[in-house]
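Source file: entry29.cif. Holds: mmCIF, C-alpha atoms.
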data_coords
#
loop_
_atom_site.label_atom_id
_atom_site.label_comp_id
_atom_site.auth_asym_id
_atom_site.auth_seq_id
_atom_site.Cartn_x
_atom_site.Cartn_y
_atom_site.Cartn_z
CA MET I 1 -20.19 -8.28 -18.65
CA GLY I 2 -18.81 -5.22 -20.36
CA TYR I 3 -15.24 -6.31 -19.68
CA ARG I 4 -12.83 -6.57 -22.63
CA ARG I 5 -9.53 -8.41 -22.43
CA GLY I 6 -6.89 -9.46 -24.93
CA THR I 7 -7.02 -13.19 -25.60
CA ARG I 8 -3.81 -13.75 -27.59
CA GLY I 9 -1.27 -12.75 -25.01
CA LEU I 10 0.35 -9.36 -24.72
CA ASP I 11 1.56 -6.95 -27.37
CA THR I 12 5.35 -7.02 -27.18
CA ASN I 13 5.82 -4.64 -30.10
CA GLY I 14 3.77 -1.72 -28.86
CA ASP I 15 4.79 1.30 -26.82
CA THR I 16 5.95 -0.36 -23.62
CA MET I 17 7.11 3.01 -22.30
CA THR I 18 3.52 4.19 -21.83
CA GLN I 19 3.52 6.56 -18.89
CA LEU I 20 1.67 5.72 -15.74
CA HIS I 21 -0.82 7.81 -13.79
CA ALA I 22 0.20 6.80 -10.29
CA ILE I 23 -2.29 6.83 -7.42
CA ILE I 24 -0.98 6.74 -3.85
CA PRO I 25 -3.62 6.12 -1.17
CA ALA I 26 -2.12 7.66 1.98
CA GLY I 27 -4.03 6.78 5.11
CA GLY I 28 -3.83 4.55 8.11
CA ALA I 29 -4.61 4.34 11.80
CA GLY I 30 -1.00 4.64 12.94
CA THR I 31 -1.28 1.62 15.23
CA ARG I 32 1.25 -0.93 14.00
CA LEU I 33 4.30 1.19 14.80
CA TRP I 34 2.92 2.94 17.88
CA PRO I 35 4.24 5.06 19.55
CA LEU I 36 6.41 6.25 16.64
CA SER I 37 3.30 6.52 14.48
CA ARG I 38 -0.03 7.94 15.64
CA ALA I 39 -3.48 8.40 14.12
CA ASN I 40 -2.71 12.02 13.28
CA TYR I 41 0.79 11.20 12.04
CA PRO I 42 0.84 7.69 10.54
CA LYS I 43 3.92 5.90 9.32
CA PHE I 44 3.83 7.17 5.72
CA LEU I 45 4.77 10.61 7.08
CA LEU I 46 7.76 9.27 9.04
CA PRO I 47 11.42 8.85 7.94
CA LEU I 48 11.50 5.11 8.56
CA ALA I 49 13.82 4.11 5.70
CA HIS I 50 15.84 7.29 5.20
CA PRO I 51 17.51 9.77 7.57
CA THR I 52 15.28 12.67 6.46
CA ARG I 53 12.82 11.56 3.73
CA SER I 54 9.44 10.14 4.72
CA LEU I 55 8.04 6.94 3.26
CA LEU I 56 5.57 9.05 1.25
CA GLN I 57 8.35 11.22 -0.19
CA GLN I 58 10.35 8.14 -1.12
CA THR I 59 7.30 6.57 -2.78
CA VAL I 60 6.77 9.67 -4.92
CA GLU I 61 10.46 9.79 -5.86
CA ARG I 62 10.40 6.07 -6.75
CA LEU I 63 7.43 6.45 -9.11
CA ALA I 64 8.29 9.80 -10.68
CA PRO I 65 10.53 8.41 -13.48
CA VAL I 66 7.73 6.24 -14.83
CA ALA I 67 4.72 8.41 -13.96
CA GLU I 68 3.12 11.08 -16.12
CA THR I 69 1.07 12.23 -13.14
CA ILE I 70 0.97 11.32 -9.45
CA THR I 71 -2.14 11.69 -7.31
CA VAL I 72 -2.05 11.27 -3.53
CA VAL I 73 -5.40 10.55 -1.87
CA THR I 74 -5.35 11.33 1.83
CA GLY I 75 -7.67 12.30 4.66
CA SER I 76 -8.33 15.78 5.99
CA ALA I 77 -6.34 15.00 9.14
CA HIS I 78 -3.19 14.40 7.07
CA ALA I 79 -3.70 16.78 4.15
CA ALA I 80 -1.66 19.66 5.57
CA ALA I 81 1.31 17.42 6.38
CA VAL I 82 1.12 15.78 2.94
CA HIS I 83 1.10 19.20 1.25
CA ASP I 84 4.07 20.29 3.35
CA GLN I 85 6.09 17.19 2.45
CA LEU I 86 5.30 17.43 -1.27
CA THR I 87 5.48 21.19 -1.68
CA ASP I 88 8.31 21.00 -4.23
CA THR I 89 6.58 18.43 -6.48
CA ASP I 90 3.83 18.44 -9.12
CA VAL I 91 1.82 15.90 -7.18
CA ARG I 92 -1.94 16.42 -7.01
CA VAL I 93 -3.42 15.90 -3.54
CA VAL I 94 -7.03 14.74 -3.33
CA CYS I 95 -8.52 15.06 0.14
CA GLU I 96 -11.13 12.43 1.00
CA PRO I 97 -13.66 13.78 3.51
CA SER I 98 -13.58 10.59 5.63
CA GLY I 99 -12.02 7.16 5.56
CA ARG I 100 -13.99 4.76 3.32
CA ASN I 101 -11.22 2.17 2.77
CA SER I 102 -9.09 1.83 -0.36
CA MET I 103 -11.66 1.27 -3.14
CA PRO I 104 -13.32 4.71 -2.92
CA ALA I 105 -9.89 6.37 -2.60
CA ILE I 106 -8.51 4.63 -5.69
CA GLY I 107 -11.84 4.94 -7.49
CA ILE I 108 -12.21 8.71 -7.14
CA ALA I 109 -8.62 9.26 -8.31
CA SER I 110 -9.22 6.96 -11.28
CA GLU I 111 -12.38 8.80 -12.28
CA LEU I 112 -10.65 12.18 -12.05
CA ILE I 113 -7.80 10.87 -14.21
CA ARG I 114 -10.26 9.29 -16.61
CA ALA I 115 -12.06 12.61 -17.06
CA GLU I 116 -8.79 14.33 -17.94
CA PHE I 117 -6.86 11.65 -19.86
CA GLY I 118 -9.52 9.25 -21.15
CA ASP I 119 -10.50 5.59 -20.92
CA ASP I 120 -7.12 4.27 -22.05
CA ALA I 121 -5.11 6.04 -19.35
CA VAL I 122 -3.07 3.50 -17.38
CA ILE I 123 -3.38 3.95 -13.62
CA GLY I 124 -1.46 2.22 -10.87
CA SER I 125 -2.13 2.15 -7.14
CA PHE I 126 0.86 1.99 -4.77
CA ALA I 127 0.88 2.18 -0.98
CA ALA I 128 2.40 5.30 0.55
CA ASP I 129 4.13 3.45 3.38
CA HIS I 130 6.09 0.61 1.76
CA ILE I 131 9.77 0.51 0.84
CA VAL I 132 11.49 -0.89 -2.25
CA ARG I 133 15.27 -0.98 -2.17
CA ASP I 134 15.77 -1.48 -5.91
CA SER I 135 13.60 1.19 -7.49
CA GLU I 136 14.78 0.50 -11.03
CA GLN I 137 13.74 -3.15 -10.80
CA LEU I 138 10.34 -2.00 -9.59
CA ARG I 139 9.99 0.34 -12.55
CA ASP I 140 10.93 -2.47 -14.94
CA HIS I 141 8.19 -4.63 -13.44
CA ILE I 142 5.75 -1.72 -13.72
CA ARG I 143 6.53 -1.40 -17.44
CA THR I 144 5.77 -5.10 -17.88
CA ALA I 145 2.53 -4.68 -15.93
CA ILE I 146 1.56 -1.76 -18.17
CA ARG I 147 1.60 -4.12 -21.17
CA ALA I 148 -0.82 -6.42 -19.38
CA ALA I 149 -2.97 -3.48 -18.32
CA ARG I 150 -3.22 -2.28 -21.92
CA ALA I 151 -4.44 -5.76 -22.88
CA GLY I 152 -7.34 -5.29 -20.45
CA TYR I 153 -6.12 -7.02 -17.31
CA ILE I 154 -6.22 -5.75 -13.78
CA THR I 155 -2.54 -6.40 -13.14
CA THR I 156 -0.82 -6.82 -9.79
CA LEU I 157 2.84 -7.03 -8.85
CA GLY I 158 3.41 -10.16 -6.78
CA ILE I 159 6.41 -10.15 -4.45
CA THR I 160 8.58 -13.28 -4.65
CA PRO I 161 8.70 -14.44 -0.99
CA THR I 162 11.92 -14.44 0.96
CA ALA I 163 10.35 -16.39 3.84
CA ALA I 164 7.17 -18.24 4.79
CA SER I 165 5.58 -15.17 6.34
CA THR I 166 2.18 -15.15 8.07
CA ALA I 167 2.04 -11.33 7.90
CA PHE I 168 0.96 -11.08 4.24
CA GLY I 169 -1.79 -12.27 1.95
CA TYR I 170 -0.71 -14.47 -0.95
CA ILE I 171 -1.34 -14.73 -4.69
CA ARG I 172 -1.59 -18.09 -6.45
CA PRO I 173 -0.42 -17.65 -10.06
CA GLY I 174 -2.39 -19.43 -12.78
CA ASP I 175 -1.58 -19.99 -16.45
CA LEU I 176 1.18 -18.06 -18.17
CA ILE I 177 0.05 -15.28 -20.50
CA ASP I 178 3.57 -14.67 -21.69
CA ARG I 179 7.05 -15.21 -20.27
CA GLU I 180 6.71 -12.55 -17.57
CA VAL I 181 2.97 -12.47 -16.88
CA ALA I 182 0.51 -15.06 -15.55
CA THR I 183 -3.15 -15.00 -14.67
CA VAL I 184 -4.09 -14.86 -11.00
CA ALA I 185 -5.81 -18.06 -9.99
CA GLU I 186 -6.61 -16.91 -6.46
CA PHE I 187 -5.94 -14.33 -3.77
CA VAL I 188 -5.44 -15.95 -0.37
CA GLU I 189 -5.78 -14.33 3.06
CA LYS I 190 -2.95 -14.35 5.60
CA PRO I 191 -2.20 -18.02 6.39
CA ASP I 192 -0.94 -19.81 9.46
CA GLU I 193 2.69 -20.96 9.54
CA ALA I 194 2.06 -24.39 8.03
CA ARG I 195 0.06 -23.04 5.11
CA ALA I 196 2.54 -20.21 4.56
CA GLN I 197 5.29 -22.78 4.14
CA GLN I 198 3.14 -24.72 1.68
CA PHE I 199 2.42 -21.56 -0.28
CA VAL I 200 6.08 -20.65 -0.62
CA GLU I 201 6.99 -24.16 -1.71
CA SER I 202 4.18 -24.06 -4.28
CA GLY I 203 5.30 -20.80 -5.91
CA TYR I 204 2.77 -18.43 -4.39
CA LEU I 205 3.62 -14.72 -4.22
CA TRP I 206 3.08 -12.10 -1.54
CA ASN I 207 0.24 -9.67 -2.19
CA ALA I 208 1.73 -6.17 -1.87
CA GLY I 209 -1.45 -4.39 -2.95
CA MET I 210 0.06 -2.88 -6.11
CA PHE I 211 -2.47 -2.82 -8.97
CA ILE I 212 -2.12 -1.45 -12.51
CA MET I 213 -4.94 -1.17 -15.07
CA THR I 214 -6.64 1.27 -17.42
CA THR I 215 -9.35 3.57 -16.18
CA ARG I 216 -11.75 1.75 -18.53
CA THR I 217 -10.87 -1.63 -17.03
CA LEU I 218 -11.51 -0.40 -13.49
CA SER I 219 -14.75 1.29 -14.49
CA GLU I 220 -16.01 -1.89 -16.15
CA ALA I 221 -14.96 -4.04 -13.19
CA LEU I 222 -16.86 -1.76 -10.83
CA ALA I 223 -19.88 -1.91 -13.12
CA ASP I 224 -19.83 -5.70 -12.84
CA TYR I 225 -18.97 -6.18 -9.16
CA GLN I 226 -19.88 -2.91 -7.38
CA PRO I 227 -22.31 -1.15 -9.72
CA ASP I 228 -23.76 1.27 -7.18
CA LEU I 229 -20.31 2.32 -6.02
CA GLY I 230 -19.13 2.70 -9.61
CA ARG I 231 -22.07 4.95 -10.53
CA ARG I 232 -21.64 7.10 -7.45
CA LEU I 233 -17.89 7.51 -8.00
CA HIS I 234 -18.41 8.56 -11.62
CA ALA I 235 -21.06 11.12 -10.67
CA LEU I 236 -19.05 12.43 -7.74
CA ALA I 237 -15.93 12.91 -9.85
CA ALA I 238 -17.95 14.89 -12.41
CA ASP I 239 -19.09 17.30 -9.68
CA TRP I 240 -15.93 17.16 -7.52
CA GLN I 241 -14.58 20.65 -8.18
CA ASP I 242 -17.96 22.36 -7.88
CA LEU I 243 -19.10 20.83 -4.60
CA SER I 244 -18.81 22.62 -1.29
CA GLY I 245 -16.96 20.83 1.46
CA ASP I 246 -20.16 19.78 3.22
CA ALA I 247 -21.83 18.57 0.02
CA ARG I 248 -18.73 16.61 -0.97
CA ALA I 249 -18.55 15.02 2.49
CA GLU I 250 -22.23 14.06 2.40
CA ARG I 251 -21.94 12.33 -0.96
CA TRP I 252 -18.65 10.72 0.03
CA SER I 253 -20.28 9.22 3.13
CA GLU I 254 -22.77 7.43 0.87
CA LEU I 255 -20.01 5.42 -0.85
CA THR I 256 -19.56 1.78 0.10
CA ALA I 257 -16.59 1.42 2.45
CA ILE I 258 -14.67 -1.52 0.98
CA ALA I 259 -11.10 -2.51 0.14
CA PHE I 260 -9.96 -2.68 -3.48
CA ASP I 261 -9.12 -6.39 -3.11
CA TYR I 262 -12.61 -7.32 -1.96
CA ALA I 263 -14.42 -4.92 -4.30
CA VAL I 264 -12.84 -5.93 -7.62
CA ALA I 265 -9.55 -7.85 -7.42
CA GLU I 266 -10.82 -11.06 -5.85
CA PRO I 267 -14.03 -11.41 -7.87
CA ALA I 268 -12.20 -10.44 -11.07
CA ALA I 269 -9.57 -13.13 -10.41
CA ARG I 270 -12.33 -15.73 -10.23
CA ASP I 271 -13.38 -14.58 -13.71
CA ASP I 272 -9.82 -14.81 -15.12
CA ARG I 273 -9.55 -11.04 -15.38
CA VAL I 274 -6.46 -10.45 -13.22
CA ALA I 275 -2.80 -10.87 -14.19
CA VAL I 276 0.33 -10.95 -12.04
CA VAL I 277 3.93 -9.97 -12.66
CA ALA I 278 6.31 -11.70 -10.25
CA THR I 279 8.98 -9.38 -8.94
CA SER I 280 12.64 -10.26 -8.60
CA PRO I 281 13.58 -11.72 -5.19
CA THR I 282 16.19 -8.97 -4.89
CA ILE I 283 13.77 -6.06 -5.21
CA GLY I 284 13.93 -5.42 -1.47
CA TRP I 285 10.22 -4.82 -0.76
CA SER I 286 8.79 -4.43 2.73
CA ASP I 287 5.50 -3.07 4.01
CA LEU I 288 7.15 -2.11 7.32
CA GLY I 289 4.10 -3.61 8.93
CA ASP I 290 5.53 -3.98 12.43
CA PHE I 291 8.64 -3.47 14.52
CA ASP I 292 10.00 -6.85 13.47
CA SER I 293 10.26 -5.62 9.87
CA LEU I 294 11.50 -2.19 10.97
CA CYS I 295 14.38 -3.90 12.80
CA GLU I 296 15.63 -5.04 9.38
CA VAL I 297 15.84 -1.47 8.08
CA SER I 298 18.93 0.66 8.38
CA GLY I 299 19.30 4.35 7.66
CA HIS I 300 16.01 5.48 9.19
CA GLY I 301 15.57 8.82 10.88
CA TYR I 302 15.54 7.57 14.47
CA GLU I 303 18.36 7.17 16.91
CA THR I 304 19.25 3.55 17.61
CA GLN I 305 20.74 3.24 21.04
CA THR I 306 22.83 0.19 21.86
CA PRO I 307 21.29 -0.96 25.14
CA ILE I 308 22.98 -2.69 28.01
CA ALA I 309 22.03 -6.28 27.24
CA VAL I 310 22.43 -8.94 29.92
CA ASP I 311 21.55 -12.45 28.80
CA SER I 312 19.57 -10.80 25.98
CA SER I 313 20.47 -11.29 22.33
CA GLY I 314 19.12 -9.20 19.45
CA ALA I 315 17.83 -6.29 21.54
CA LYS I 316 16.83 -3.23 19.47
CA VAL I 317 16.04 0.28 20.69
CA PHE I 318 14.39 3.17 18.81
CA THR I 319 14.52 6.58 20.47
CA GLY I 320 14.10 10.25 19.83
CA ASP I 321 16.88 12.81 20.21
CA SER I 322 17.29 12.25 23.91
CA ALA I 323 16.47 9.14 25.90
CA PRO I 324 17.62 7.62 29.16
CA LEU I 325 20.03 4.73 29.23
CA ILE I 326 18.12 1.50 28.53
CA ALA I 327 19.07 -1.91 29.85
CA VAL I 328 17.53 -5.22 28.79
CA VAL I 329 17.94 -8.31 30.97
CA GLY I 330 16.90 -11.85 30.06
CA ILE I 331 14.75 -10.97 27.00
CA ASP I 332 15.90 -12.14 23.58
CA ASN I 333 14.93 -10.11 20.49
CA CYS I 334 13.53 -7.34 22.64
CA VAL I 335 12.31 -4.11 21.02
CA VAL I 336 12.16 -0.90 23.07
CA VAL I 337 10.67 2.29 21.63
CA HIS I 338 11.07 5.54 23.55
CA THR I 339 9.31 8.79 22.59
CA ASP I 340 8.71 11.98 24.55
CA ASP I 341 5.38 10.74 25.90
CA ALA I 342 5.36 6.93 25.68
CA ILE I 343 7.51 3.81 26.00
CA LEU I 344 6.84 0.50 24.25
CA VAL I 345 8.48 -2.78 25.21
CA THR I 346 7.82 -5.83 23.05
CA THR I 347 9.62 -8.63 21.24
CA ARG I 348 10.03 -9.16 17.54
CA ASP I 349 7.85 -12.28 17.75
CA ALA I 350 5.00 -10.30 19.34
CA ALA I 351 5.38 -7.23 17.11
CA GLN I 352 2.11 -7.85 15.25
CA LYS I 353 0.21 -7.36 18.51
CA VAL I 354 1.37 -3.76 18.95
CA LYS I 355 -1.59 -2.61 16.84
CA ASP I 356 -3.86 -3.49 19.79
CA VAL I 357 -2.15 -1.08 22.20
CA PRO I 358 -3.90 2.17 21.12
CA GLN I 359 -7.33 0.78 21.94
CA TYR I 360 -6.23 0.24 25.55
CA VAL I 361 -4.73 3.72 25.62
CA ARG I 362 -8.08 5.15 24.48
CA GLN I 363 -9.89 3.17 27.17
CA MET I 364 -7.68 4.97 29.70
CA GLY I 365 -8.88 8.28 28.26
CA ARG I 366 -5.43 9.15 26.90
CA HIS I 367 -6.62 9.90 23.38
CA GLU I 368 -3.80 12.40 22.85
CA LEU I 369 -1.35 9.47 22.87
CA CYS I 370 -3.08 7.64 20.01
#

Entire entry expressed as structure tokens:
Amino acid sequence: MGYRRGTRGLDTNGDTMTQLHAIIPAGGAGTRLWPLSRANYPKFLLPLAHPTRSLLQQTVERLAPVAETITVVTGSAHAAAVHDQLTDTDVRVVCEPSGRNSMPAIGIASELIRAEFGDDAVIGSFAADHIVRDSEQLRDHIRTAIRAARAGYITTLGITPTAASTAFGYIRPGDLIDREVATVAEFVEKPDEARAQQFVESGYLWNAGMFIMTTRTLSEALADYQPDLGRRLHALAADWQDLSGDARAERWSELTAIAFDYAVAEPAARDDRVAVVATSPTIGWSDLGDFDSLCEVSGHGYETQTPIAVDSSGAKVFTGDSAPLIAVVGIDNCVVVHTDDAILVTTRDAAQKVKDVPQYVRQMGRHELC
């Protein structure tokens, strides 16, 4: 393997203020929060945690104090909206010709950054549609992760769980590298309730999909675990600006469609090449992955009507500017979502199943509603 990693812990005397080159993959099918989000307007474009600012705009604002550059990678269907939302920023927008999952999106941004800033440039990938209530705590954790990244680790930020959730993957920390950083012993897929409880009791962390590393480290990891993809990404980045749209799309379609976790994070963890920084329990992270989690958020850009509730506790309603009076009878923890063209009725316990609704809508031939 060409991989190089520090073996004596982390340098605590070096420049810990090294600036980050942030990468924000911005895509999604828009299914988990349907009908608020749609395929052509997924949740990262919506004001779900602020009266007027979208999740993408908040993500950029959160990273800007610690980022030298910010690159958003998005699809052609969303590029115009992304440009419109970020028109007053210095963010670079890279348009991927088609969805190939997160590894090609992160990989092409990394290679473009590597060509401009070199092998030692520290990159970090952060989802466009998550929220973090304490941004300064996040930036402190990022600075710690940068130290580990400069020592050669693929470094992830693990969220200290606030509950035994079955909605997230987990990270099992390994040996301590220093006081704030440990190796990753294992990434674990979403568990059932019993295993989730065991994980929390055993000190596992939620996997929020935040990864920080140097461009060299990612290039070497791809060379070891996805060599064909690594070669193609490097060659494509070298030609990126000179390719026509059709030529770029053709070469992009030849890339392996694979998630970052499967491509490099999981195999690298098995080789003791991944580190984790555990976040503070008070950081206030959420992936807003369903209406159950959205019910916990205040200050979003949607009206919240107080329904008539008869023998129904915990009812929550999300509406547009104008909606009819809504009454809920005999359904605890009910969630009602009203838009101009669709109505969703679910419960917080069943919120994860909402993602299946658009496929039934498409079967009805109502593609415009997806």

Long-range neighbours of segment 244-250 of chain I as a PDB file with C-alpha atoms, in the frame of the given file, 12 Å cut-off, all atoms listed in the file, 2 positions minimum in chain:
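Done, and the output landed in selection_2.pdb:
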ATOM      1  CA  GLY I  75      -7.670  12.300   4.660  1.00  0.00           C
ATOM      2  CA  SER I  76      -8.330  15.780   5.990  1.00  0.00           C
ATOM      3  CA  CYS I  95      -8.520  15.060   0.140  1.00  0.00           C
ATOM      4  CA  GLU I  96     -11.130  12.430   1.000  1.00  0.00           C
ATOM      5  CA  PRO I  97     -13.660  13.780   3.510  1.00  0.00           C
ATOM      6  CA  SER I  98     -13.580  10.590   5.630  1.00  0.00           C
ATOM      7  CA  GLY I  99     -12.020   7.160   5.560  1.00  0.00           C
ATOM      8  CA  ARG I 100     -13.990   4.760   3.320  1.00  0.00           C
ATOM      9  CA  ILE I 108     -12.210   8.710  -7.140  1.00  0.00           C
ATOM     10  CA  ARG I 232     -21.640   7.100  -7.450  1.00  0.00           C
ATOM     11  CA  LEU I 233     -17.890   7.510  -8.000  1.00  0.00           C
ATOM     12  CA  ALA I 235     -21.060  11.120 -10.670  1.00  0.00           C
ATOM     13  CA  LEU I 236     -19.050  12.430  -7.740  1.00  0.00           C
ATOM     14  CA  ALA I 237     -15.930  12.910  -9.850  1.00  0.00           C
ATOM     15  CA  ALA I 238     -17.950  14.890 -12.410  1.00  0.00           C
ATOM     16  CA  ASP I 239     -19.090  17.300  -9.680  1.00  0.00           C
ATOM     17  CA  TRP I 240     -15.930  17.160  -7.520  1.00  0.00           C
ATOM     18  CA  GLN I 241     -14.580  20.650  -8.180  1.00  0.00           C
ATOM     19  CA  ASP I 242     -17.960  22.360  -7.880  1.00  0.00           C
ATOM     20  CA  TRP I 252     -18.650  10.720   0.030  1.00  0.00           C
ATOM     21  CA  SER I 253     -20.280   9.220   3.130  1.00  0.00           C
ATOM     22  CA  GLU I 254     -22.770   7.430   0.870  1.00  0.00           C
ATOM     23  CA  LEU I 255     -20.010   5.420  -0.850  1.00  0.00           C
TER      24      LEU I 255
END

>> Just want the 8 Å neighbourhood of segment 79-92 of chain I, counted on all atoms listed in the file, with same-chain residues fewer than 5 positions away dropped. Output as a PyMOL selection string.
In response: chain I and resi 45+57+69-72+74

Once you have the residues from the selection above, write them out as a PDB file, in the coordinates of the input, restricted to C-alpha atoms.
ATOM      1  CA  LEU I  45       4.770  10.610   7.080  1.00  0.00           C
ATOM      2  CA  GLN I  57       8.350  11.220  -0.190  1.00  0.00           C
ATOM      3  CA  THR I  69       1.070  12.230 -13.140  1.00  0.00           C
ATOM      4  CA  ILE I  70       0.970  11.320  -9.450  1.00  0.00           C
ATOM      5  CA  THR I  71      -2.140  11.690  -7.310  1.00  0.00           C
ATOM      6  CA  VAL I  72      -2.050  11.270  -3.530  1.00  0.00           C
ATOM      7  CA  THR I  74      -5.350  11.330   1.830  1.00  0.00           C
TER       8      THR I  74
END

>> So that I can see what lies close to Ile24 of chain I, please list as JSON, numbers by chain the residues with an atom at most 10 Å from it, counting only C-alpha atoms and leaving out residues fewer than 4 positions away in the same chain.
In response: {"I": [56, 59, 60, 63, 70, 71, 72, 73, 74, 93, 105, 106, 109, 124, 125, 126, 127, 128, 129, 210]}

>> When you look at Cys295 of chain I with a cut-off of 10 Å (counting all atoms listed in the file), what residues show up, excluding the ones that are within fewer than 2 positions of it in the same chain? I need them as JSON, numbers by chain.
In response: {"I": [288, 290, 291, 292, 293, 297, 298, 314, 315, 316, 317, 318, 333, 335, 348]}

>> Residues within 10 Å of Gln58 of chain I, please, as a list in words. Count only C-alpha atoms; anything in the same chain fewer than 6 positions from it doesn't count.
In response: Phe44, Pro47, Ala49, His50, Ala64, Ala128, Asp129, His130, Ile131, Val132 and Ser135 of chain I

Selected residues, C-alpha atoms, written as a compact mmCIF listing (two decimals), in the frame of the given file, please.
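Result written to part.txt:
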# COMPACT_ATOMS: atom_id res chain seq x y z
CA PHE I 44 3.83 7.17 5.72
CA PRO I 47 11.42 8.85 7.94
CA ALA I 49 13.82 4.11 5.70
CA HIS I 50 15.84 7.29 5.20
CA ALA I 64 8.29 9.80 -10.68
CA ALA I 128 2.40 5.30 0.55
CA ASP I 129 4.13 3.45 3.38
CA HIS I 130 6.09 0.61 1.76
CA ILE I 131 9.77 0.51 0.84
CA VAL I 132 11.49 -0.89 -2.25
CA SER I 135 13.60 1.19 -7.49

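Nearest residue to His21 of chain I among I:Ser110, I:Thr319, I:Asn207, I:Ser102 is I:Ser110, counting all atoms listed in the file.
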
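Evaluated against the shown file, the PyMOL selection byres ((chain I and resi 369) around 8) gives Pro35, Arg38, Asp341, Ala342, Pro358, Val361, Arg366, His367, Glu368 and Cys370 of chain I.
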
>> Considering only C-alpha atoms, can you say which of I:Asp175, I:Asp311, I:Asp340, I:Asp287 comes closest to Arg32 of chain I?
In response: I:Asp287

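Here atom CA of Val184 of chain I is placed at a distance of 20.8 Å from atom CA of Ile258 of chain I.
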
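Atom CA of Ala148 of chain I is found 20.6 Å from atom CA of Ala223 of chain I.
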
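Proximity ranking of I:Gly152, I:Pro51, I:Gly118, I:Gly230 relative to Ala268 of chain I places I:Gly152 first, based on all atoms listed in the file.
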
> What do you get, as a PyMOL selection string, if you spell out every residue that the PyMOL selection byres ((chain I and resi 187) around 10) selects here?
Replying inline: chain I and resi 169-173+184-186+188-190+204-207+261-262+265-267+269-270

> Taking into account all atoms listed in the file, which residue in the set I:Ala257, I:Val122, I:Ile331, I:Ala39 is nearest to Ala67 of chain I?
Replying inline: I:Val122

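Of the listed residues (I:Arg231, I:Asp332, I:Leu36, I:Thr52), I:Asp332 comes nearest to Ser312 of chain I; the distances count all atoms listed in the file.
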
> To one decimal place, how far is atom CA of Ile113 of chain I from atom CA of Thr215 of chain I in Å?
Replying inline: 7.7 Å

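Picked by the PyMOL selection byres ((chain I and resi 144) around 10) from the coordinates shown: Leu10, Thr12, Thr16, Met17, Leu138, Arg139, Asp140, His141, Ile142, Arg143, Ala145, Ile146, Arg147, Ala148, Ala149, Thr155, Leu157, Glu180, Val181, Val276 and Val277 of chain I.
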
> Of the candidates I:Thr166, I:Ser37, I:Asn101, I:Thr339, which one gets nearest to Thr256 of chain I if we count all atoms listed in the file?
Replying inline: I:Asn101

>> Using all atoms listed in the file, list the residues that have an atom at most 7 Å from (-0.3, -8.4, 8.5), coordinates as in the file, as a PyMOL selection string.
In response: chain I and resi 167-168+289

Can you give me N, CA and C atoms for segment 332-343 of chain I, written as a PDB file, in the coordinates of the input?
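Output file rebuild_13.pdb follows:
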ATOM      1  N   ASP I 332      15.326 -12.070  24.927  1.00  0.00           N
ATOM      2  CA  ASP I 332      15.900 -12.140  23.580  1.00  0.00           C
ATOM      3  C   ASP I 332      15.010 -11.405  22.585  1.00  0.00           C
ATOM      4  N   ASN I 333      15.647 -10.799  21.576  1.00  0.00           N
ATOM      5  CA  ASN I 333      14.930 -10.110  20.490  1.00  0.00           C
ATOM      6  C   ASN I 333      13.945  -9.072  21.016  1.00  0.00           C
ATOM      7  N   CYS I 334      14.364  -8.375  22.036  1.00  0.00           N
ATOM      8  CA  CYS I 334      13.530  -7.340  22.640  1.00  0.00           C
ATOM      9  C   CYS I 334      13.549  -6.082  21.788  1.00  0.00           C
ATOM     10  N   VAL I 335      12.412  -5.389  21.721  1.00  0.00           N
ATOM     11  CA  VAL I 335      12.310  -4.110  21.020  1.00  0.00           C
ATOM     12  C   VAL I 335      11.795  -3.075  22.026  1.00  0.00           C
ATOM     13  N   VAL I 336      12.563  -1.998  22.188  1.00  0.00           N
ATOM     14  CA  VAL I 336      12.160  -0.900  23.070  1.00  0.00           C
ATOM     15  C   VAL I 336      12.035   0.360  22.230  1.00  0.00           C
ATOM     16  N   VAL I 337      10.902   1.042  22.365  1.00  0.00           N
ATOM     17  CA  VAL I 337      10.670   2.290  21.630  1.00  0.00           C
ATOM     18  C   VAL I 337      10.396   3.387  22.650  1.00  0.00           C
ATOM     19  N   HIS I 338      11.192   4.441  22.598  1.00  0.00           N
ATOM     20  CA  HIS I 338      11.070   5.540  23.550  1.00  0.00           C
ATOM     21  C   HIS I 338      10.775   6.829  22.801  1.00  0.00           C
ATOM     22  N   THR I 339       9.638   7.463  23.116  1.00  0.00           N
ATOM     23  CA  THR I 339       9.310   8.790  22.590  1.00  0.00           C
ATOM     24  C   THR I 339       9.145   9.737  23.767  1.00  0.00           C
ATOM     25  N   ASP I 340       8.837  10.994  23.477  1.00  0.00           N
ATOM     26  CA  ASP I 340       8.710  11.980  24.550  1.00  0.00           C
ATOM     27  C   ASP I 340       7.586  11.649  25.522  1.00  0.00           C
ATOM     28  N   ASP I 341       6.554  10.945  25.043  1.00  0.00           N
ATOM     29  CA  ASP I 341       5.380  10.740  25.900  1.00  0.00           C
ATOM     30  C   ASP I 341       4.983   9.278  26.085  1.00  0.00           C
ATOM     31  N   ALA I 342       5.755   8.331  25.548  1.00  0.00           N
ATOM     32  CA  ALA I 342       5.360   6.930  25.680  1.00  0.00           C
ATOM     33  C   ALA I 342       6.580   6.017  25.531  1.00  0.00           C
ATOM     34  N   ILE I 343       6.483   4.837  26.123  1.00  0.00           N
ATOM     35  CA  ILE I 343       7.510   3.810  26.000  1.00  0.00           C
ATOM     36  C   ILE I 343       6.824   2.497  25.647  1.00  0.00           C
TER      37      ILE I 343
END
